[in-house]
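Before any comments, here is the structure.
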Amino acid sequence: MSGCNKLVDVGRRQFLRGGSMAAACAATAVVLPNQPAKAAQTARVEYPTNRLGNVSDLSDNEPLDVSYPDEDAPGVILKLGKKVEGGVGPDGDIVGFSTVCPHKGFPMNYDGDSRTLNCPGHYSVFDVEAGGQQTFGHATQNLPQYMLRVDDKGDIYAEGVDELLYGRLSNVL
Amino acid sequence: MAFKRQIDRLPIIPADAKQQNVTCHYCIVGCGYKAYTWPINKQGGTAPGKNIFGADLSKQQETDTEAWYAPSMYNIVKQDGKDVHLVIKPDNKCVVNSGLGSVRGARMAENRRSDVTGTQQQRLEQPMVWRYGTWQPTSWDDALDLVAQVTARFVEKDNEDDLFVSMFDHGGSAGGYENTWGTGKLYFGSMKVKNCRIHNRPAYNSEVHSSRDMGVDELNYAYEDYKLTDTIMIVGANPLETQTNLFLNHMVPGWRNGAKAIFVDPRRTVSINAAQDAAGTENVLHLPINSGTDIALFNALLSYIADKGWIDKNFIASSTFAKGEAVAESGTHPCALGSFDMALKAIRISTSEAAKICGVPEADIIKAAEWIAKPNDDGSRRKCSTAYEKGIIWGNDNYRVVGSLVNLGLATGNIGREGGGVCRLGGHQEGYFRPGDGHVGRPAPYVDDLLIKGKGAVHHIWANDHYKTTLNASQFKAVYNKRTNMVKEAMDAAAGKSREELVEAIVAAIKAGGLFSVNVDIIHSQIGQAAHVILPAVEAGEMNLTSMNGERRLRLTEKYMDGPGSAKPDCLIAAGLAQHMERVLNKMGKTDYASQFKGYDWATEEDAFKDGYSKAHTDVTYDRLRAMGTNGVQEPVTVFKDGKLLGTKRLYTDGVFNRHGRKDGKALFAAATWRGLQAPGKQAQKDKFAFLINNGRSNINWQNWFLDQDNDFVSDRYPYPFIEMHPDDMKKVDVKQGDLVEIFNDDGATQAMVYPTETAKKGETFMLFGSPQGTQGNVINNGVNELVLPNYKQTWANIRKLADAPVAVSHISFKSKEYRSA
Ligand code: SF4
Ligand code: FES
């Protein structure tokens, strides 16, 4: 698009990598859509298991910059302070999302009041309390969400993504 | 949780994939796309030489890259009988959208029928006839023979008034020059059908009669005018949602260049919020007028501008009618038309009076007048581009309100100039080419009302769904079901009998008050549930199809896939029907009449194009349009030169206005005096019921809803039509977010899901229009204007709770749809 002068400089995303590179996708906490989707899907790619942080790094509603499945894919993890579907951790309230808008790939801002990710590209809004559902906007998919797991030590691992990430035709390059 | 596709990789488009030009067929903007197809057993690769982009796809691509497509842009379809991969992605080289997709267009691929991926299984594949108590598949010949035999019993050479026809008049989708010609030639050429209506309204009329009568075509500018103007005025429209890439790729750059924005809308829309971000809040003026009071506002603006001397005197003198009245007010012209002085005298109203009527501060009306027309400090004239749509088209006093807005554009010299224009934004693309419709008359017959009154014997429906998109819909559906059921029962009783006996049984049921209903569509629609014969059509991409967009940009969408089953282009269905009519009438001995149905030997849609549009525009051919790609050419086409079609960037640059057909070429002003709520029953409804049920579309629920009712991404977002309500109003009727409510008044009832909306005015709700799950039209009364334009917007009703939020909505976002900047 011509004339987008409001690109937000998100800066270099903090990159945290750790844990084992487990081979298989863990079972996910993602609930299947309420209507049967397409009959056949392509096979899933093999995701790395990456440590994104520890529960103790998170405070309520304070976004923690991460990246997954590699450092070129910025994202965020959030402790929402209320149990949400797909949330992990002791309170079932920790979620993680890509912060690249699935419309045209602009980096998004987090608005703590409404708990939405907002895209300065073309005004799309995604609800982090509703599985990244596009509250309003132009993307043709909801926001890619991480499949997260928290271990006994409180370490948070990402082990998969539930939608195609913007700018790559395979989530794992 | 929100719907996720669980797709994490896609096949790569190989370097040698086939490319086809596509214009998005979902809305008027007509964004350019490319369809890429390649054999099912082939794949591109991540190395630059192995994919169509020449990009290294093993790396993360940049923001706004050309080298990415979403899962929604991919599918597996049939092409020439073989399975192929299909990617339909926005074209960066198209000047309309510069590579932008929207939430609708960027799902074109996903919304194609596929037997491999299972998408759009609702598409019709076979003609079907009501038999043995249900619809049974049959051949084209069998189905068309039955239609022709029954139809032929109720038409005479000089009286076809018992045949009722509902037919689309638009481009894009399954419309376009090919299909409007095919249907038009049949009903307005071979026949002269009078009782007809258009897809979204109950009569065969113009949505902008007054603009045309004033000499001004409603699509007179170029989209680039938004970048060249000083003020963008938007009336009764929400372009971020419903003309998305026009807003994003043309209006937003205009605002970022310093243009101001005026929005006239009772509701604060996401368009207003986005304009505030793009232009700065101080440069956006929202006039949230009382619903239906636009005329008072526009007339006050014109009065004020005239008094200040900010009108364009030279333009008025050279391009508009000079003296008195040119056309008197009458049953065909709901207000007089004539000179500027005549009109000004009739419409004069003070800003303070208008402020009272409209419920907005007088200072804001004055500010709007200044932003529209106050000359710049150096004395040069200010430019203003004005866009309007259904808020006034389907609002109070259609003829006068459009006239009063066009008055403003003419008086300030903003039509035919750079950075100007007074244009409707539009819904579908356009693509109208038919024989003259003069025989329909003006006012045109109020077809839906006549059907309710028991008129008509045979009803041919071409991609119309009255059940979802008419007014007085409760009554319409009740009567229509009853009348068509009479015929169904007769057909059931004649099961196993001969064709002659079946036809006699149908004819007898019709004579007893029944109605024979023939439905041509791409899916089995709601009104299609009442049909006796169902004929499957194809859409753009499954056929070659030409249309023009909101700046008259004509393009050819190439056929890139096979249609479902034996479905056909509408033009060829019309041709088949004509041929069967000819045969049946000959058999009945009406050879004279039968001969009127000759001239349909079309093998392809291109033949229909050549027979219609191309005959009048001889320079325009499929080959030439194909070569013009996704940028096409802006109509009217002037010449073919150096291998290119040349067109017209904006209309009326010569100051000669001709849309009314006047020889003098002078535009007329409208004496569009404010007269309150014009349509019968509106004021009484307003006085009696508590809530305004304003209504319209959302970005995901728009022209493509018929497909999206079978799309997981869309139905997951809004499982039911929403009704936006202020939290205080929710308290009043004791409902929570997601609750199902009944909306009811003396005309009917419907239901919707409550969406809390802080920015809504108290007492003013907004409901999705045209939903398959809750017909807003059920509560719209039958009042229309003098020319049978419906008034959908000014509707009042009460609201009561039906049920707690159902499980299907428990996961959805009920947050504000407004973008918040960092
Ligand atoms: S804005 Fe309209 S034409 Fe453009 S992609 Fe969206 S629906 Fe299609
Ligand atoms: S990039 Fe377009 S809305 Fe985010």
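FYI, nothing fancy with the structure tokens labels: chains A, B, ... in order, residues from 1 per chain, ligands from 1 as they appear.
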**Study point:** Contacts of ligand 1, 7 Å or closer, only C-alpha atoms and all ligand atoms, given as a list in words
**Key:**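 After applying the 7 Å limit, what remains is Cys24, His25, Tyr26, Cys27, Ile28, Val29, Gly30, Cys31, Asn97, Gly101, Ser102, Val103, Arg104, Gly105, Ala106, Gln243, Thr244, Asn245 and Leu246 of chain B.
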Keeping all heavy atoms, export the residues of the selection given above as a short mmCIF file (atom, residue, chain, number, x, y, z; two decimals), in the first residue's frame.
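Contents of the output file again.cif:
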data_model
loop_
_atom_site.label_atom_id
_atom_site.label_comp_id
_atom_site.auth_asym_id
_atom_site.auth_seq_id
_atom_site.Cartn_x
_atom_site.Cartn_y
_atom_site.Cartn_z
N CYS B 24 -11.47 -9.08 -8.26
CA CYS B 24 -12.28 -9.62 -7.16
C CYS B 24 -13.75 -9.32 -7.45
O CYS B 24 -14.11 -8.19 -7.74
CB CYS B 24 -11.87 -9.01 -5.83
SG CYS B 24 -12.97 -9.50 -4.49
N HIS B 25 -14.57 -10.35 -7.36
CA HIS B 25 -15.97 -10.17 -7.76
C HIS B 25 -16.89 -9.88 -6.58
O HIS B 25 -18.10 -9.86 -6.73
CB HIS B 25 -16.47 -11.39 -8.54
CG HIS B 25 -16.30 -12.70 -7.82
ND1 HIS B 25 -15.09 -13.23 -7.54
CD2 HIS B 25 -17.20 -13.57 -7.36
CE1 HIS B 25 -15.24 -14.40 -6.93
NE2 HIS B 25 -16.52 -14.63 -6.80
N TYR B 26 -16.29 -9.67 -5.41
CA TYR B 26 -17.15 -9.51 -4.23
C TYR B 26 -17.66 -8.08 -4.03
O TYR B 26 -18.77 -7.90 -3.59
CB TYR B 26 -16.42 -9.98 -2.98
CG TYR B 26 -16.20 -11.47 -2.95
CD1 TYR B 26 -15.04 -12.00 -2.39
CD2 TYR B 26 -17.13 -12.36 -3.47
CE1 TYR B 26 -14.83 -13.38 -2.35
CE2 TYR B 26 -16.92 -13.72 -3.43
CZ TYR B 26 -15.78 -14.23 -2.86
OH TYR B 26 -15.56 -15.58 -2.82
N CYS B 27 -16.85 -7.06 -4.27
CA CYS B 27 -17.42 -5.71 -4.09
C CYS B 27 -17.03 -4.77 -5.21
O CYS B 27 -16.24 -5.07 -6.08
CB CYS B 27 -17.14 -5.17 -2.69
SG CYS B 27 -15.68 -4.14 -2.49
N ILE B 28 -17.62 -3.60 -5.16
CA ILE B 28 -17.53 -2.58 -6.20
C ILE B 28 -16.11 -2.13 -6.49
O ILE B 28 -15.81 -1.68 -7.58
CB ILE B 28 -18.38 -1.36 -5.75
CG1 ILE B 28 -18.33 -0.18 -6.75
CG2 ILE B 28 -17.90 -0.83 -4.40
CD1 ILE B 28 -19.24 -0.36 -7.89
N VAL B 29 -15.22 -2.25 -5.49
CA VAL B 29 -13.87 -1.73 -5.66
C VAL B 29 -13.15 -2.49 -6.78
O VAL B 29 -12.39 -1.92 -7.55
CB VAL B 29 -13.09 -1.80 -4.33
CG1 VAL B 29 -11.71 -1.21 -4.50
CG2 VAL B 29 -13.86 -1.04 -3.24
N GLY B 30 -13.41 -3.77 -6.86
CA GLY B 30 -12.84 -4.56 -7.95
C GLY B 30 -11.32 -4.61 -7.90
O GLY B 30 -10.62 -4.22 -8.84
N CYS B 31 -10.80 -5.12 -6.81
CA CYS B 31 -9.35 -5.20 -6.66
C CYS B 31 -8.77 -6.21 -7.63
O CYS B 31 -9.39 -7.22 -7.94
CB CYS B 31 -9.00 -5.61 -5.23
SG CYS B 31 -9.54 -4.38 -4.04
N ASN B 97 -5.75 -1.63 -5.92
CA ASN B 97 -5.46 -2.12 -4.57
C ASN B 97 -3.98 -2.25 -4.25
O ASN B 97 -3.63 -2.49 -3.09
CB ASN B 97 -6.15 -3.48 -4.34
CG ASN B 97 -5.81 -4.50 -5.40
OD1 ASN B 97 -5.81 -4.20 -6.60
ND2 ASN B 97 -5.51 -5.70 -4.98
N GLY B 101 -5.22 -7.15 -0.15
CA GLY B 101 -6.41 -7.99 -0.17
C GLY B 101 -7.34 -7.51 0.93
O GLY B 101 -6.96 -6.69 1.75
N SER B 102 -8.53 -7.98 0.94
CA SER B 102 -9.42 -7.69 2.07
C SER B 102 -9.88 -9.00 2.66
O SER B 102 -9.60 -10.07 2.12
CB SER B 102 -10.64 -6.86 1.62
OG SER B 102 -11.57 -7.71 0.97
N VAL B 103 -10.58 -8.90 3.76
CA VAL B 103 -11.04 -10.11 4.44
C VAL B 103 -12.03 -10.90 3.57
O VAL B 103 -12.27 -12.07 3.78
CB VAL B 103 -11.66 -9.75 5.81
CG1 VAL B 103 -13.00 -9.05 5.64
CG2 VAL B 103 -11.77 -10.96 6.71
N ARG B 104 -12.55 -10.25 2.54
CA ARG B 104 -13.43 -10.95 1.61
C ARG B 104 -12.64 -11.49 0.42
O ARG B 104 -12.58 -12.71 0.20
CB ARG B 104 -14.53 -10.00 1.10
CG ARG B 104 -15.38 -9.43 2.22
CD ARG B 104 -16.39 -8.42 1.72
NE ARG B 104 -15.80 -7.23 1.12
CZ ARG B 104 -15.33 -6.20 1.81
NH1 ARG B 104 -15.38 -6.21 3.12
NH2 ARG B 104 -14.81 -5.14 1.20
N GLY B 105 -12.02 -10.58 -0.33
CA GLY B 105 -11.36 -10.98 -1.57
C GLY B 105 -10.23 -11.98 -1.35
O GLY B 105 -10.02 -12.87 -2.18
N ALA B 106 -9.53 -11.83 -0.26
CA ALA B 106 -8.39 -12.73 -0.02
C ALA B 106 -8.85 -14.12 0.39
O ALA B 106 -8.02 -14.97 0.70
CB ALA B 106 -7.46 -12.12 1.03
N GLN B 243 -16.02 -0.93 1.35
CA GLN B 243 -15.25 -0.67 0.12
C GLN B 243 -13.80 -0.61 0.58
O GLN B 243 -13.08 0.38 0.40
CB GLN B 243 -15.68 0.66 -0.54
CG GLN B 243 -17.07 0.67 -1.16
CD GLN B 243 -18.17 0.98 -0.14
OE1 GLN B 243 -17.89 1.48 0.96
NE2 GLN B 243 -19.41 0.69 -0.49
N THR B 244 -13.36 -1.68 1.19
CA THR B 244 -12.16 -1.69 2.02
C THR B 244 -10.92 -1.10 1.35
O THR B 244 -10.27 -0.21 1.91
CB THR B 244 -11.87 -3.14 2.45
OG1 THR B 244 -13.07 -3.64 3.07
CG2 THR B 244 -10.73 -3.21 3.41
N ASN B 245 -10.58 -1.59 0.19
CA ASN B 245 -9.30 -1.14 -0.37
C ASN B 245 -9.40 0.20 -1.07
O ASN B 245 -8.38 0.85 -1.30
CB ASN B 245 -8.71 -2.23 -1.27
CG ASN B 245 -8.26 -3.41 -0.44
OD1 ASN B 245 -7.88 -3.24 0.73
ND2 ASN B 245 -8.32 -4.60 -0.99
N LEU B 246 -10.59 0.63 -1.36
CA LEU B 246 -10.76 2.03 -1.76
C LEU B 246 -10.41 2.92 -0.57
O LEU B 246 -9.69 3.91 -0.70
CB LEU B 246 -12.22 2.28 -2.20
CG LEU B 246 -12.61 3.74 -2.42
CD1 LEU B 246 -11.73 4.40 -3.45
CD2 LEU B 246 -14.08 3.83 -2.84
#
Practice item. Return the neighbours of chain B among the residues of chain A, cut-off 6 Å, counting only C-alpha atoms, as a ChimeraX atom specification. Key: /A:1,3,33,38-40,104-106,109,118,123,125,130-131,133,135-136,138-140,162-164,167-171,173
Review point. Using only C-alpha atoms, which of B:Ala457, B:Cys384, B:Ala749, B:Ile415 sits nearest Gly215 in chain B?
Key: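 So, comparing all the options, the nearest one is B:Ile415.
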Check your understanding: CA of Gln596 in chain B and CA of Val503 in chain B are how many Å apart?
Key ->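 Straight-line distance from CA of Gln596 in chain B to CA of Val503 in chain B works out to 23.1 Å.
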Glu159 in chain A surroundings by only C-alpha atoms, 8 Å radius, close-in-sequence under 5 positions cut, as a short mmCIF file (atom, residue, chain, number, x, y, z; two decimals) with C-alpha atoms, in the first residue's frame:
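Printed below is out.cif as written:
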data_model
loop_
_atom_site.label_atom_id
_atom_site.label_comp_id
_atom_site.auth_asym_id
_atom_site.auth_seq_id
_atom_site.Cartn_x
_atom_site.Cartn_y
_atom_site.Cartn_z
CA CYS A 25 4.66 -32.06 18.50
CA ALA A 26 3.16 -32.31 21.94
CA TYR A 47 8.11 -27.79 15.37
CA PRO A 48 10.99 -27.13 17.71
CA THR A 49 10.31 -27.04 21.42
CA ASN A 50 11.67 -23.71 22.54
CA TYR A 146 1.47 -20.77 20.24
CA MET A 147 0.85 -24.16 21.68
CA LEU A 148 2.45 -23.71 25.08
CA ARG A 149 3.48 -26.05 27.88
#
Range 113-115 of chain A: which residues within 8 Å, counting only C-alpha atoms, same-chain residues fewer than 4 positions away excluded, as a short mmCIF file (atom, residue, chain, number, x, y, z; two decimals) with N, CA and C atoms, in the first residue's frame?
data_model
loop_
_atom_site.label_atom_id
_atom_site.label_comp_id
_atom_site.auth_asym_id
_atom_site.auth_seq_id
_atom_site.Cartn_x
_atom_site.Cartn_y
_atom_site.Cartn_z
N ASN A 61 -0.77 -9.00 32.59
CA ASN A 61 -1.03 -8.05 31.51
C ASN A 61 0.21 -7.28 31.05
N ASP A 127 -8.06 -10.19 19.44
CA ASP A 127 -8.39 -10.32 20.86
C ASP A 127 -7.57 -11.46 21.48
N VAL A 128 -6.63 -11.10 22.37
CA VAL A 128 -5.78 -12.15 22.95
C VAL A 128 -6.52 -12.96 24.01
N GLU A 129 -7.67 -12.46 24.44
CA GLU A 129 -8.47 -13.24 25.39
C GLU A 129 -9.44 -14.18 24.69
N LYS B 815 -15.27 -7.35 21.91
CA LYS B 815 -14.59 -6.08 22.19
C LYS B 815 -14.88 -5.04 21.13
#
Check your understanding: Interatomic distance between CA of Ile366 in chain B and CA of Tyr652 in chain B?
Key -> 29.0 Å
Write out as a tab-separated table (two decimals) with N, CA, C and O atoms, in the first residue's frame each polymer residue whose atoms come within 12 Å of Lys590 in chain B, counting only C-alpha atoms; drop sequence neighbours fewer than 3 positions from it.
chain	number	residue	atom	x	y	z
B	152	ALA	N	-44.92	-20.62	-20.92
B	152	ALA	CA	-45.62	-20.34	-22.18
B	152	ALA	C	-47.14	-20.29	-22.01
B	152	ALA	O	-47.84	-19.65	-22.79
B	153	ARG	N	-47.63	-20.94	-20.98
B	153	ARG	CA	-49.08	-20.92	-20.75
B	153	ARG	C	-49.57	-19.59	-20.18
B	153	ARG	O	-50.77	-19.32	-20.14
B	155	VAL	N	-47.89	-16.41	-20.87
B	155	VAL	CA	-47.46	-15.21	-21.59
B	155	VAL	C	-48.12	-15.17	-22.96
B	155	VAL	O	-48.33	-16.21	-23.59
B	156	GLU	N	-48.45	-13.98	-23.39
B	156	GLU	CA	-48.99	-13.74	-24.73
B	156	GLU	C	-48.07	-12.74	-25.40
B	156	GLU	O	-47.37	-11.99	-24.72
B	157	LYS	N	-48.11	-12.73	-26.70
B	157	LYS	CA	-47.24	-11.83	-27.46
B	157	LYS	C	-47.33	-10.38	-26.96
B	157	LYS	O	-46.34	-9.68	-26.87
B	581	MET	N	-38.33	-21.88	-25.11
B	581	MET	CA	-39.56	-21.09	-25.31
B	581	MET	C	-39.94	-21.10	-26.79
B	581	MET	O	-41.12	-21.29	-27.14
B	582	GLU	N	-38.95	-20.92	-27.64
B	582	GLU	CA	-39.22	-20.90	-29.09
B	582	GLU	C	-39.86	-22.24	-29.52
B	582	GLU	O	-40.88	-22.26	-30.21
B	583	ARG	N	-39.26	-23.31	-29.06
B	583	ARG	CA	-39.76	-24.64	-29.44
B	583	ARG	C	-41.18	-24.87	-28.92
B	583	ARG	O	-42.07	-25.29	-29.65
B	584	VAL	N	-41.38	-24.54	-27.65
B	584	VAL	CA	-42.69	-24.81	-27.04
B	584	VAL	C	-43.77	-23.93	-27.69
B	584	VAL	O	-44.88	-24.40	-27.98
B	585	LEU	N	-43.45	-22.67	-27.94
B	585	LEU	CA	-44.44	-21.77	-28.55
B	585	LEU	C	-44.77	-22.23	-29.97
B	585	LEU	O	-45.93	-22.15	-30.40
B	586	ASN	N	-43.75	-22.68	-30.69
B	586	ASN	CA	-44.00	-23.21	-32.03
B	586	ASN	C	-44.97	-24.37	-31.98
B	586	ASN	O	-45.91	-24.48	-32.76
B	587	LYS	N	-44.74	-25.23	-30.98
B	587	LYS	CA	-45.58	-26.40	-30.82
B	587	LYS	C	-47.01	-26.02	-30.48
B	587	LYS	O	-47.98	-26.68	-30.86
B	593	TYR	N	-44.97	-15.42	-32.27
B	593	TYR	CA	-44.39	-15.13	-30.96
B	593	TYR	C	-43.10	-15.91	-30.80
B	593	TYR	O	-42.07	-15.38	-30.34
B	594	ALA	N	-43.11	-17.17	-31.23
B	594	ALA	CA	-41.92	-18.03	-31.09
B	594	ALA	C	-40.71	-17.41	-31.77
B	594	ALA	O	-39.59	-17.50	-31.27
B	595	SER	N	-40.93	-16.75	-32.90
B	595	SER	CA	-39.80	-16.22	-33.65
B	595	SER	C	-39.08	-15.10	-32.89
B	595	SER	O	-37.94	-14.77	-33.19
B	596	GLN	N	-39.74	-14.54	-31.89
B	596	GLN	CA	-39.07	-13.51	-31.07
B	596	GLN	C	-37.96	-14.09	-30.20
B	596	GLN	O	-37.15	-13.37	-29.65
B	597	PHE	N	-37.97	-15.42	-30.08
B	597	PHE	CA	-36.98	-16.06	-29.20
B	597	PHE	C	-35.81	-16.64	-29.99
B	597	PHE	O	-35.13	-17.53	-29.54
Exercise for review: Considering only C-alpha atoms and all ligand atoms, state which residue in the set A:Pro74, A:Gly87, A:Pro120, A:Pro63 is at the smallest distance from ligand 2.
Suggested key: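 Closest candidate: A:Pro120.
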